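Undergrad: File follows, upload.cif with mmCIF, C-alpha atoms:
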```cif
data_final
loop_
_atom_site.label_atom_id
_atom_site.label_comp_id
_atom_site.auth_asym_id
_atom_site.auth_seq_id
_atom_site.Cartn_x
_atom_site.Cartn_y
_atom_site.Cartn_z
CA MET F 1 -18.95 -19.88 28.65
CA THR F 2 -17.25 -16.52 29.08
CA HIS F 3 -14.88 -15.49 26.28
CA PRO F 4 -11.20 -15.37 27.36
CA GLU F 5 -10.90 -11.79 26.12
CA TYR F 6 -13.46 -10.78 28.75
CA TRP F 7 -11.15 -12.02 31.48
CA ASP F 8 -8.26 -10.13 29.86
CA ASP F 9 -10.32 -6.94 30.02
CA GLN F 10 -11.07 -7.54 33.70
CA VAL F 11 -7.39 -8.17 34.47
CA VAL F 12 -6.31 -5.03 32.65
CA THR F 13 -8.90 -2.90 34.47
CA ARG F 14 -7.94 -4.27 37.89
CA LEU F 15 -4.23 -3.86 37.25
CA GLU F 16 -4.73 -0.28 36.07
CA ARG F 17 -6.68 0.54 39.24
CA MET F 18 -4.16 -1.25 41.43
CA ALA F 19 -1.18 0.47 39.83
CA GLY F 20 -2.92 3.85 40.13
CA ALA F 21 -3.73 3.30 43.80
CA LEU F 22 -0.22 2.12 44.66
CA LEU F 23 1.40 5.02 42.83
CA GLY F 24 -0.99 7.34 44.64
CA VAL F 25 0.14 5.90 47.98
CA VAL F 26 3.78 6.43 47.04
CA ALA F 27 3.08 10.00 45.95
CA VAL F 28 1.17 10.87 49.16
CA CYS F 29 3.74 9.29 51.43
CA THR F 30 6.47 11.22 49.63
CA ALA F 31 4.72 14.59 49.52
CA VAL F 32 3.04 14.77 52.95
CA PRO F 33 5.39 15.78 55.81
CA LEU F 34 4.90 13.47 58.82
CA ARG F 35 6.66 12.81 62.08
CA GLY F 36 7.20 9.97 64.52
CA ARG F 37 5.34 6.74 64.03
CA ALA F 38 3.29 8.17 61.15
CA LYS F 39 6.48 8.93 59.29
CA ALA F 40 7.81 5.41 59.88
CA ALA F 41 4.51 3.86 58.82
CA CYS F 42 4.44 5.98 55.68
CA ARG F 43 8.01 4.96 54.87
CA ALA F 44 7.05 1.29 55.24
CA LEU F 45 4.01 1.79 53.00
CA ARG F 46 6.17 3.46 50.42
CA LEU F 47 8.69 0.59 50.50
CA LEU F 48 5.88 -1.91 49.98
CA ALA F 49 3.81 0.07 47.48
CA ALA F 50 6.63 1.05 45.12
CA PRO F 51 7.71 -2.48 44.09
CA ALA F 52 4.07 -3.59 43.94
CA ALA F 53 3.29 -0.69 41.59
CA VAL F 54 6.30 -1.62 39.45
CA ALA F 55 5.13 -5.24 39.29
CA ALA F 56 1.58 -4.17 38.34
CA CYS F 57 2.92 -1.84 35.62
CA GLY F 58 5.15 -4.63 34.31
CA ARG F 59 2.19 -6.98 34.14
CA LEU F 60 0.17 -4.32 32.30
CA LEU F 61 3.00 -3.78 29.84
CA GLY F 62 3.15 -7.51 29.14
CA LEU F 63 -0.61 -7.63 28.48
CA TYR F 64 -0.42 -4.62 26.18
CA ARG F 65 2.45 -6.20 24.24
CA ARG F 66 0.55 -9.44 23.87
CA ARG F 67 -2.52 -7.61 22.59
CA ALA F 68 -0.39 -5.60 20.17
CA ALA F 69 1.20 -8.83 18.91
CA ASP F 70 -2.25 -10.38 18.45
CA ALA F 71 -3.45 -7.28 16.57
CA PHE F 72 -0.40 -7.36 14.28
CA ALA F 73 -0.95 -11.08 13.66
CA VAL F 74 -4.57 -10.43 12.68
CA SER F 75 -3.64 -7.52 10.39
CA ASP F 76 -0.89 -9.64 8.81
CA ALA F 77 -3.43 -12.40 8.14
CA VAL F 78 -5.91 -9.91 6.66
CA GLN F 79 -3.25 -8.37 4.45
CA GLY F 80 -2.04 -11.81 3.37
CA VAL F 81 -5.55 -12.76 2.24
CA LEU F 82 -6.54 -9.45 0.66
CA LEU F 83 -3.26 -7.95 -0.55
CA ARG F 84 -1.49 -11.13 -1.51
CA ARG F 85 2.14 -10.99 -2.48
CA LEU F 86 2.28 -10.80 -6.25
CA PRO F 87 3.83 -13.86 -7.93
CA PRO F 88 7.04 -13.34 -9.94
CA ARG F 89 5.27 -14.17 -13.19
CA VAL F 90 1.65 -14.01 -14.29
CA GLY F 91 0.88 -14.80 -17.91
CA SER F 92 3.22 -12.86 -20.18
CA VAL F 93 4.60 -10.46 -17.55
CA ASN F 94 7.17 -10.65 -14.76
CA LEU F 95 6.35 -8.75 -11.59
CA ALA F 96 7.94 -7.36 -8.43
CA SER F 97 6.06 -5.41 -5.80
CA VAL F 98 6.43 -3.37 -2.62
CA TYR F 99 3.69 -2.59 -0.10
CA ARG F 100 4.25 -0.50 3.02
CA ALA F 101 1.44 0.94 5.11
CA CYS F 102 2.08 4.22 6.94
CA GLY F 103 5.87 3.81 7.02
CA GLY F 104 5.54 0.31 8.49
CA ARG F 105 3.81 1.33 11.75
CA ALA F 106 0.56 -0.21 10.53
CA ARG F 107 0.27 -3.43 8.59
CA VAL F 108 -2.72 -2.35 6.48
CA GLY F 109 -3.49 0.95 4.87
CA GLY F 110 -5.21 2.78 2.03
CA ASP F 111 -3.11 1.55 -0.90
CA LEU F 112 -4.08 -1.51 -2.88
CA TYR F 113 -3.04 -3.78 -5.71
CA ALA F 114 -4.13 -7.09 -7.19
CA VAL F 115 -3.51 -9.23 -10.27
CA VAL F 116 -5.78 -11.79 -11.94
CA ARG F 117 -5.88 -13.82 -15.14
CA SER F 118 -8.56 -13.35 -17.76
CA ASP F 119 -8.93 -14.70 -21.31
CA ALA F 120 -5.27 -15.00 -22.41
CA ALA F 121 -4.46 -11.76 -20.59
CA THR F 122 -3.19 -10.48 -17.25
CA ARG F 123 -5.13 -7.74 -15.48
CA ILE F 124 -3.67 -5.56 -12.76
CA ILE F 125 -5.08 -2.88 -10.49
CA ILE F 126 -3.14 -0.47 -8.31
CA GLY F 127 -4.92 2.23 -6.35
CA ASP F 128 -4.97 4.63 -3.46
CA VAL F 129 -8.02 5.16 -1.25
CA ARG F 130 -8.46 8.59 0.30
CA GLY F 131 -7.18 8.51 3.88
CA ARG F 132 -4.83 6.05 5.53
CA GLY F 133 -4.71 3.27 8.09
CA LEU F 134 -7.57 1.04 9.21
CA PRO F 135 -10.49 3.45 8.44
CA SER F 136 -9.60 3.45 4.74
CA PHE F 137 -8.97 -0.30 4.65
CA HIS F 138 -12.71 -0.98 4.46
CA ASP F 139 -12.75 0.83 1.11
CA VAL F 140 -9.70 -1.15 -0.01
CA ILE F 141 -11.55 -4.39 0.76
CA ALA F 142 -14.55 -3.27 -1.32
CA ILE F 143 -12.45 -2.35 -4.37
CA VAL F 144 -10.16 -5.38 -4.34
CA ALA F 145 -13.09 -7.77 -3.81
CA ALA F 146 -14.97 -6.23 -6.75
CA PHE F 147 -11.87 -6.41 -8.96
CA ARG F 148 -11.29 -10.08 -8.15
CA GLU F 149 -14.92 -10.84 -8.89
CA TRP F 150 -15.16 -9.07 -12.25
CA ALA F 151 -11.63 -9.07 -13.69
CA PRO F 152 -11.57 -12.82 -14.61
CA GLN F 153 -14.81 -12.41 -16.57
CA PRO F 154 -14.71 -12.23 -20.40
CA ILE F 155 -15.56 -8.53 -20.54
CA SER F 156 -13.64 -5.59 -21.97
CA LEU F 157 -11.43 -3.40 -19.82
CA VAL F 158 -13.92 -0.53 -20.19
CA ASP F 159 -16.79 -2.75 -18.99
CA LEU F 160 -14.65 -4.02 -16.11
CA SER F 161 -13.84 -0.44 -15.08
CA ALA F 162 -17.50 0.57 -15.28
CA ARG F 163 -18.53 -2.34 -13.07
CA LEU F 164 -15.86 -1.48 -10.51
CA GLU F 165 -17.21 2.07 -10.39
CA GLU F 166 -20.78 0.84 -9.99
CA SER F 167 -19.75 -1.59 -7.26
CA PHE F 168 -17.80 1.02 -5.32
CA VAL F 169 -20.58 3.64 -5.57
CA ARG F 170 -23.10 1.06 -4.35
CA TYR F 171 -20.78 0.16 -1.46
CA LEU F 172 -20.46 3.84 -0.49
CA SER F 173 -24.21 4.34 -0.58
CA ASP F 174 -24.66 1.34 1.73
CA ALA F 175 -22.09 2.90 4.10
CA ASP F 176 -24.00 6.19 4.49
CA ASP F 177 -25.09 5.15 7.99
CA ASP F 178 -21.45 5.19 9.21
CA ALA F 179 -21.40 8.37 11.28
CA ASN F 180 -17.65 8.16 11.82
CA ARG F 181 -16.75 8.79 8.16
CA ASP F 182 -17.70 11.42 5.62
CA THR F 183 -19.00 9.41 2.68
CA ASP F 184 -19.20 12.55 0.53
CA GLU F 185 -15.41 12.67 0.40
CA ARG F 186 -14.60 9.00 -0.01
CA PHE F 187 -13.02 8.05 -3.29
CA ALA F 188 -10.05 6.17 -4.72
CA THR F 189 -7.63 6.77 -7.55
CA ALA F 190 -6.73 3.67 -9.53
CA LEU F 191 -5.03 2.28 -12.61
CA ILE F 192 -6.53 -0.79 -14.27
CA LEU F 193 -4.29 -2.44 -16.86
CA GLU F 194 -4.55 -5.40 -19.20
CA PHE F 195 -1.59 -7.22 -20.79
CA PRO F 196 -2.65 -9.66 -23.53
CA ASP F 197 -0.36 -12.67 -23.92
CA SER F 198 -0.09 -12.45 -27.70
CA GLU F 199 -0.09 -8.68 -28.31
CA PRO F 200 2.59 -6.05 -27.73
CA ASP F 201 0.04 -3.40 -26.76
CA ALA F 202 -1.24 -3.05 -23.20
CA ARG F 203 -4.53 -1.37 -22.34
CA MET F 204 -5.20 0.97 -19.43
CA VAL F 205 -7.98 2.91 -17.71
CA ASN F 206 -6.82 5.72 -15.41
CA PHE F 207 -9.14 6.80 -12.59
CA GLY F 208 -7.21 9.96 -11.67
CA HIS F 209 -4.10 8.01 -10.59
CA PRO F 210 -0.43 9.01 -11.05
CA PRO F 211 0.57 7.78 -14.53
CA PRO F 212 2.90 4.81 -15.04
CA VAL F 213 6.50 5.32 -16.08
CA ARG F 214 7.81 3.35 -19.05
CA ALA F 215 11.56 2.91 -19.61
CA ARG F 216 12.34 2.17 -23.25
CA ALA F 217 15.49 2.39 -25.34
CA GLY F 218 17.26 4.73 -22.93
CA LYS F 219 14.31 7.07 -22.42
CA LEU F 220 11.60 7.46 -19.78
CA GLY F 221 8.04 8.48 -20.47
CA LEU F 222 4.85 9.04 -18.48
CA LEU F 223 1.78 7.25 -19.81
CA PRO F 224 -1.17 9.26 -18.48
CA GLY F 225 -3.76 7.90 -20.89
CA THR F 226 -7.11 9.68 -20.59
CA PRO F 227 -7.73 10.28 -16.88
CA CYS F 228 -11.26 9.69 -15.64
CA ALA F 229 -12.77 10.85 -12.37
CA PRO F 230 -11.60 8.78 -9.36
CA LEU F 231 -13.62 5.77 -8.32
CA GLY F 232 -16.65 6.86 -6.31
CA LEU F 233 -16.97 10.26 -8.02
CA SER F 234 -18.73 9.25 -11.24
CA SER F 235 -21.56 11.66 -10.39
CA LEU F 236 -19.16 14.53 -11.04
CA ARG F 237 -18.64 13.45 -14.66
CA ASP F 238 -21.33 11.47 -16.44
CA LEU F 239 -18.81 9.67 -18.65
CA ARG F 240 -17.87 6.05 -19.18
CA PRO F 241 -14.26 5.10 -18.46
CA ASP F 242 -11.97 5.81 -21.40
CA GLU F 243 -9.46 3.16 -22.45
CA SER F 244 -5.99 4.00 -23.81
CA SER F 245 -3.22 1.73 -25.07
CA PHE F 246 0.56 1.70 -25.17
CA GLU F 247 3.25 -0.69 -26.32
CA LEU F 248 5.21 -2.74 -23.83
CA GLY F 249 7.95 -4.68 -25.56
CA PRO F 250 10.28 -7.35 -24.18
CA HIS F 251 13.00 -4.79 -23.42
CA ASP F 252 10.72 -2.25 -21.71
CA THR F 253 10.15 -1.75 -17.99
CA LEU F 254 6.95 -0.34 -16.49
CA LEU F 255 6.66 1.21 -13.01
CA LEU F 256 3.29 1.54 -11.29
CA TYR F 257 3.16 3.46 -8.00
CA THR F 258 0.96 5.39 -5.58
CA ASP F 259 1.40 8.98 -4.47
CA GLY F 260 3.38 7.81 -1.43
CA LEU F 261 6.35 7.84 -3.81
CA ILE F 262 6.01 11.25 -5.45
CA GLU F 263 4.73 13.00 -2.29
CA ALA F 264 7.38 11.70 0.12
CA ARG F 265 8.92 14.66 1.97
CA ASP F 266 12.10 15.30 3.86
CA ARG F 267 12.32 17.05 7.25
CA ASN F 268 12.08 20.44 5.54
CA GLY F 269 8.92 19.52 3.66
CA LYS F 270 10.65 19.14 0.28
CA TYR F 271 9.07 16.60 -2.03
CA PHE F 272 11.02 13.62 -3.31
CA PRO F 273 12.64 14.67 -6.64
CA PHE F 274 11.00 11.85 -8.58
CA VAL F 275 11.74 13.15 -12.10
CA ASP F 276 15.43 13.76 -11.35
CA ARG F 277 16.03 10.56 -9.42
CA ALA F 278 14.24 8.33 -11.94
CA THR F 279 16.96 9.01 -14.51
CA LYS F 280 19.54 7.46 -12.15
CA TRP F 281 17.82 4.15 -11.55
CA THR F 282 19.00 1.00 -13.33
CA TRP F 283 16.04 0.35 -15.60
CA HIS F 284 17.91 -2.11 -17.80
CA ASP F 285 20.70 -4.49 -16.87
CA PRO F 286 21.67 -6.92 -19.63
CA HIS F 287 23.63 -9.02 -17.13
CA SER F 288 20.72 -9.87 -14.80
CA ARG F 289 17.50 -11.78 -15.19
CA SER F 290 14.27 -9.84 -15.66
CA GLU F 291 12.97 -10.97 -12.26
CA ASP F 292 16.12 -9.81 -10.47
CA ARG F 293 16.17 -6.51 -12.36
CA LEU F 294 12.62 -5.68 -11.27
CA HIS F 295 13.40 -6.36 -7.60
CA ASN F 296 16.63 -4.38 -7.87
CA ILE F 297 14.96 -1.27 -9.24
CA LEU F 298 12.37 -1.28 -6.45
CA GLY F 299 15.25 -1.61 -3.98
CA GLU F 300 16.98 1.38 -5.57
CA ILE F 301 13.82 3.44 -5.25
CA LEU F 302 13.37 2.56 -1.57
CA VAL F 303 16.99 3.46 -0.83
CA ASP F 304 16.54 6.82 -2.59
CA ILE F 305 13.40 7.54 -0.57
CA VAL F 306 15.14 6.75 2.73
CA VAL F 307 18.10 8.96 1.77
CA HIS F 308 15.75 11.83 0.91
CA CYS F 309 13.36 11.52 3.85
CA GLY F 310 15.76 10.19 6.48
CA ALA F 311 13.35 7.26 6.95
CA LEU F 312 10.61 5.48 5.10
CA PRO F 313 7.76 7.89 4.27
CA ALA F 314 4.89 8.30 6.71
CA ASP F 315 2.31 7.78 3.96
CA ASP F 316 1.19 4.48 2.47
CA LEU F 317 3.34 3.30 -0.43
CA ALA F 318 2.74 0.65 -3.08
CA MET F 319 4.83 -0.01 -6.20
CA ILE F 320 4.84 -2.61 -8.96
CA ALA F 321 7.65 -3.03 -11.48
CA LEU F 322 6.86 -5.24 -14.45
CA ALA F 323 8.25 -6.34 -17.81
CA ARG F 324 7.32 -8.72 -20.57
CA HIS F 325 8.66 -12.19 -20.02
CA PRO F 326 11.22 -13.14 -22.69
CA ASP F 327 9.24 -16.29 -23.50
CA SER F 328 5.83 -14.64 -23.68
CA GLY F 329 5.10 -15.96 -27.15
CA GLN F 330 5.51 -12.68 -29.00
CA GLY F 331 8.26 -13.85 -31.36
CA ALA F 332 6.18 -13.09 -34.46
CA LEU F 333 5.32 -9.58 -33.29
CA PRO F 334 7.40 -6.49 -34.09
CA HIS F 335 9.78 -5.61 -31.29
CA PRO F 336 10.94 -2.13 -30.32
CA ALA F 337 14.55 -1.12 -30.71
CA GLU F 338 17.12 -2.66 -28.41
CA PRO F 339 17.82 -0.66 -25.24
CA ASP F 340 20.28 2.16 -25.61
CA PRO F 341 23.70 1.26 -24.13
CA SER F 342 23.48 4.33 -21.91
CA GLU F 343 20.44 2.95 -20.11
CA GLY F 344 21.23 2.25 -16.48
CA THR F 345 24.28 4.53 -16.43
CA GLY F 346 22.52 7.73 -15.31
CA ARG F 347 22.10 9.16 -18.85
CA ILE F 348 18.45 8.17 -19.32
CA GLN F 349 16.30 11.06 -20.54
CA TRP F 350 12.64 11.93 -20.18
CA CYS F 351 10.88 11.94 -23.52
#
```
Could you render the structure as structure tokens?
TA:
Amino acid sequence: MTHPEYWDDQVVTRLERMAGALLGVVAVCTAVPLRGRAKAACRALRLLAAPAAVAACGRLLGLYRRRAADAFAVSDAVQGVLLRRLPPRVGSVNLASVYRACGGRARVGGDLYAVVRSDAATRIIIGDVRGRGLPSFHDVIAIVAAFREWAPQPISLVDLSARLEESFVRYLSDADDDANRDTDERFATALILEFPDSEPDARMVNFGHPPPVRARAGKLGLLPGTPCAPLGLSSLRDLRPDESSFELGPHDTLLLYTDGLIEARDRNGKYFPFVDRATKWTWHDPHSRSEDRLHNILGEILVDIVVHCGALPADDLAMIALARHPDSGQGALPHPAEPDPSEGTGRIQWC
């Protein structure tokens, strides 16, 4: 039995030819000077061909819209399976996330994130594959699939990072026969983080990714850790991933992001003033729940980007805001100082 899409292709081809022929008739009858009966006949042809061409073009437009809707539905389904919406709480952390591919024109792109549970800990990855749109999404699939396979295993964060690198390098070597892409320049930056349920310290491996921002006691700080080579480029540096740690207390807020945030440009090519604007965002609000605060800060960031660029950025953008849940079982652990009263009033400083 013939697949229905085959008939759609036949209909599209015939309508394109018909519309072209009818428009050609209209153009010839309009351009060629005729007299007498020939002129009358040409006028009649033009009167008949013009509405027929309009009808054929309308039918084509309807088919194109239906195909576009089907494509968006498929990409939405793929994104929903692969880049699932992060839950509001996983283990000891509350989460809020934003994912936009190519300013919203495409539904999938080169940014990625995922969260899984391991032994009494929450593990998160956020990354950015070189390139954008559908071509880079194959690499996203490979990285996220490897992370979901290995992250729940009882292995250290360093071992997890090493296995992700091995998996991605193996995937790239298997893709060498793809003539449409340059495998020598395919890589991904990524942050891999682990948040134990019963410890104040979080652990991180940085594969050349923009560092997280931590808001604490009225001050902001970048947490670069020890950057390693991006995923897929381990041959450039024969080193194992290096793990770093930092404290994330119950009053702290952590922002993870891709370069779509810091490289957003306005119409004049000016980059988004990330360092300046970050001091204005409401990192701590004692009157709102942690879950609401995380969503609110991501909303503030998106508004700032739109004001700066005049629209959402053309690049892929992913962000995760997270904080320790108040009931994460860390009551016996030392807590950092309470947030400074100035936090959230525009007087936050970079430390």
Undergrad: Any chance you could work out the residue set of the PyMOL selection byres ((chain F and resi 318) around 8) here, as a ChimeraX atom specification?
TA: /F:97-100,111-113,126,257-258,260,316-317,319-320
Undergrad: For CA of Ile192 in chain F and CA of Asn206 in chain F, determine how far apart the two atoms are, in Å to one decimal place.
TA: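 About the pair CA of Ile192 in chain F and CA of Asn206 in chain F: they are 6.6 Å apart.
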Undergrad: With distances taken over all atoms listed in the file, which residue among F:Glu263, F:Ala314, F:Gly225, F:Phe246 lies nearest Gly109 in chain F?
TA: F:Ala314
Undergrad: Report, in Å to a single decimal, how far apart CA of Tyr171 in chain F and CA of Ile124 in chain F are.
TA: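 For CA of Ile124 in chain F relative to CA of Tyr171 in chain F, the distance reads 21.3 Å.
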Undergrad: Enumerate, as a PyMOL selection string, the residues matched when the PyMOL selection byres ((chain F and resi 208) around 12) is run on the file above.
TA: chain F and resi 126-129+187-192+205-207+209-212+224-234+241-242+258-259
Undergrad: Next, write the just-selected residues to a file, as an mmCIF file, keeping the file's coordinate frame, keeping C-alpha atoms as the atom set.
TA:
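The file below, out33.cif, is the result:
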```cif
data_model
loop_
_atom_site.group_PDB
_atom_site.id
_atom_site.type_symbol
_atom_site.label_atom_id
_atom_site.label_comp_id
_atom_site.auth_asym_id
_atom_site.auth_seq_id
_atom_site.Cartn_x
_atom_site.Cartn_y
_atom_site.Cartn_z
ATOM 1 C CA ILE F 126 -3.140 -0.470 -8.310
ATOM 2 C CA GLY F 127 -4.920 2.230 -6.350
ATOM 3 C CA ASP F 128 -4.970 4.630 -3.460
ATOM 4 C CA VAL F 129 -8.020 5.160 -1.250
ATOM 5 C CA PHE F 187 -13.020 8.050 -3.290
ATOM 6 C CA ALA F 188 -10.050 6.170 -4.720
ATOM 7 C CA THR F 189 -7.630 6.770 -7.550
ATOM 8 C CA ALA F 190 -6.730 3.670 -9.530
ATOM 9 C CA LEU F 191 -5.030 2.280 -12.610
ATOM 10 C CA ILE F 192 -6.530 -0.790 -14.270
ATOM 11 C CA VAL F 205 -7.980 2.910 -17.710
ATOM 12 C CA ASN F 206 -6.820 5.720 -15.410
ATOM 13 C CA PHE F 207 -9.140 6.800 -12.590
ATOM 14 C CA HIS F 209 -4.100 8.010 -10.590
ATOM 15 C CA PRO F 210 -0.430 9.010 -11.050
ATOM 16 C CA PRO F 211 0.570 7.780 -14.530
ATOM 17 C CA PRO F 212 2.900 4.810 -15.040
ATOM 18 C CA PRO F 224 -1.170 9.260 -18.480
ATOM 19 C CA GLY F 225 -3.760 7.900 -20.890
ATOM 20 C CA THR F 226 -7.110 9.680 -20.590
ATOM 21 C CA PRO F 227 -7.730 10.280 -16.880
ATOM 22 C CA CYS F 228 -11.260 9.690 -15.640
ATOM 23 C CA ALA F 229 -12.770 10.850 -12.370
ATOM 24 C CA PRO F 230 -11.600 8.780 -9.360
ATOM 25 C CA LEU F 231 -13.620 5.770 -8.320
ATOM 26 C CA GLY F 232 -16.650 6.860 -6.310
ATOM 27 C CA LEU F 233 -16.970 10.260 -8.020
ATOM 28 C CA SER F 234 -18.730 9.250 -11.240
ATOM 29 C CA PRO F 241 -14.260 5.100 -18.460
ATOM 30 C CA ASP F 242 -11.970 5.810 -21.400
ATOM 31 C CA THR F 258 0.960 5.390 -5.580
ATOM 32 C CA ASP F 259 1.400 8.980 -4.470
#
```
Undergrad: With only C-alpha atoms as the counted atoms, please give the residues lying no more than 9 Å from Leu248 in chain F, apart from itself and same-chain residues fewer than 6 positions off, as number ranges by chain.
TA: F: 195, 200-202, 214, 216, 254, 323-324, 336
Undergrad: Applied to this file, what does the PyMOL selection byres ((chain F and resi 194) around 10) return in terms of residues, put as a tab-separated table (two decimals) with C-alpha atoms, in the frame of the given file?
TA:
```tsv
chain	number	residue	atom	x	y	z
F	115	VAL	CA	-3.51	-9.23	-10.27
F	116	VAL	CA	-5.78	-11.79	-11.94
F	117	ARG	CA	-5.88	-13.82	-15.14
F	118	SER	CA	-8.56	-13.35	-17.76
F	121	ALA	CA	-4.46	-11.76	-20.59
F	122	THR	CA	-3.19	-10.48	-17.25
F	123	ARG	CA	-5.13	-7.74	-15.48
F	124	ILE	CA	-3.67	-5.56	-12.76
F	125	ILE	CA	-5.08	-2.88	-10.49
F	151	ALA	CA	-11.63	-9.07	-13.69
F	156	SER	CA	-13.64	-5.59	-21.97
F	157	LEU	CA	-11.43	-3.40	-19.82
F	192	ILE	CA	-6.53	-0.79	-14.27
F	193	LEU	CA	-4.29	-2.44	-16.86
F	195	PHE	CA	-1.59	-7.22	-20.79
F	196	PRO	CA	-2.65	-9.66	-23.53
F	197	ASP	CA	-0.36	-12.67	-23.92
F	201	ASP	CA	0.04	-3.40	-26.76
F	202	ALA	CA	-1.24	-3.05	-23.20
F	203	ARG	CA	-4.53	-1.37	-22.34
F	204	MET	CA	-5.20	0.97	-19.43
F	205	VAL	CA	-7.98	2.91	-17.71
F	245	SER	CA	-3.22	1.73	-25.07
```
Undergrad: Which distance in Å separates CA of Ile297 in chain F and CA of Pro88 in chain F, to one decimal?
TA: 14.5 Å
Undergrad: Check the smallest atom-to-atom distance from each of F:Val307, F:Val158, F:Gly91, F:Asp276 to Ser244 in chain F using only C-alpha atoms, then report the winner.
TA: F:Val158
Undergrad: Given the point (11.0, 13.1, -22.4) in the file's coordinates, find the residues that have an atom at most 12 Å from it, counting all atoms listed in the file, and give them as a list in words.
TA: Val213, Arg214, Ala215, Arg216, Ala217, Gly218, Lys219, Leu220, Gly221, Leu222, Leu223, Val275, Asp276, Ala278, Thr279, Ile348, Gln349, Trp350 and Cys351 of chain F
Undergrad: Looking at all atoms listed in the file, which of F:Leu322, F:Asp252, F:Glu149, F:Asp304 is the one that sits closest to Leu164 in chain F?
TA: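 Among the listed residues, F:Glu149 lies closest to Leu164 in chain F.
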Undergrad: Counting all atoms listed in the file, figure out which residue out of F:Thr282, F:Pro154, F:Ala264, F:Arg289 gets nearest to Ile305 in chain F.
TA: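 That would be F:Ala264, the residue with the smallest distance to Ile305 in chain F.
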Undergrad: When you count only C-alpha atoms, which of these residues is closest to His138 in chain F: F:Leu95, F:Leu160, F:Ala175, F:Leu294?
TA: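 Selected residue with least distance to His138 in chain F: F:Ala175.
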Undergrad: Rank nothing, just name the residue among F:Arg89, F:Glu166, F:Ala120, F:Tyr271 nearest to Pro152 in chain F, using only C-alpha atoms.
TA: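 Smallest distance to Pro152 in chain F is found for F:Ala120.
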Undergrad: May I ask you to restore all heavy atoms in range 200-204 of chain F and write the result as a tab-separated table (two decimals), keeping the file's coordinate frame?
TA:
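And here is the file that came out, out-v4.tsv:
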```tsv
chain	number	residue	atom	x	y	z
F	200	PRO	N	1.62	-6.94	-28.36
F	200	PRO	CA	2.59	-6.05	-27.73
F	200	PRO	C	1.95	-4.88	-27.00
F	200	PRO	O	2.56	-4.27	-26.13
F	200	PRO	CB	3.44	-5.56	-28.92
F	200	PRO	CG	2.49	-5.61	-30.08
F	200	PRO	CD	1.60	-6.80	-29.84
F	201	ASP	N	0.71	-4.55	-27.36
F	201	ASP	CA	0.04	-3.40	-26.76
F	201	ASP	C	-0.65	-3.80	-25.46
F	201	ASP	O	-1.26	-4.86	-25.36
F	201	ASP	CB	-1.00	-2.82	-27.72
F	201	ASP	CG	-0.35	-2.05	-28.87
F	201	ASP	OD1	0.86	-1.78	-28.78
F	201	ASP	OD2	-1.06	-1.74	-29.83
F	202	ALA	N	-0.51	-2.92	-24.46
F	202	ALA	CA	-1.24	-3.05	-23.20
F	202	ALA	C	-2.36	-2.01	-23.18
F	202	ALA	O	-2.27	-0.96	-23.83
F	202	ALA	CB	-0.30	-2.83	-22.02
F	203	ARG	N	-3.40	-2.30	-22.44
F	203	ARG	CA	-4.53	-1.37	-22.34
F	203	ARG	C	-4.66	-0.89	-20.90
F	203	ARG	O	-4.34	-1.61	-19.95
F	203	ARG	CB	-5.81	-2.06	-22.82
F	203	ARG	CG	-5.80	-2.35	-24.32
F	203	ARG	CD	-7.10	-2.98	-24.77
F	203	ARG	NE	-7.10	-4.42	-24.55
F	203	ARG	CZ	-6.63	-5.32	-25.42
F	203	ARG	NH1	-6.07	-4.92	-26.55
F	203	ARG	NH2	-6.68	-6.61	-25.16
F	204	MET	N	-5.18	0.35	-20.75
F	204	MET	CA	-5.20	0.97	-19.43
F	204	MET	C	-6.40	1.90	-19.30
F	204	MET	O	-6.78	2.59	-20.25
F	204	MET	CB	-3.90	1.75	-19.19
F	204	MET	CG	-3.86	2.54	-17.89
F	204	MET	SD	-2.27	3.38	-17.66
F	204	MET	CE	-2.37	4.64	-18.95
```
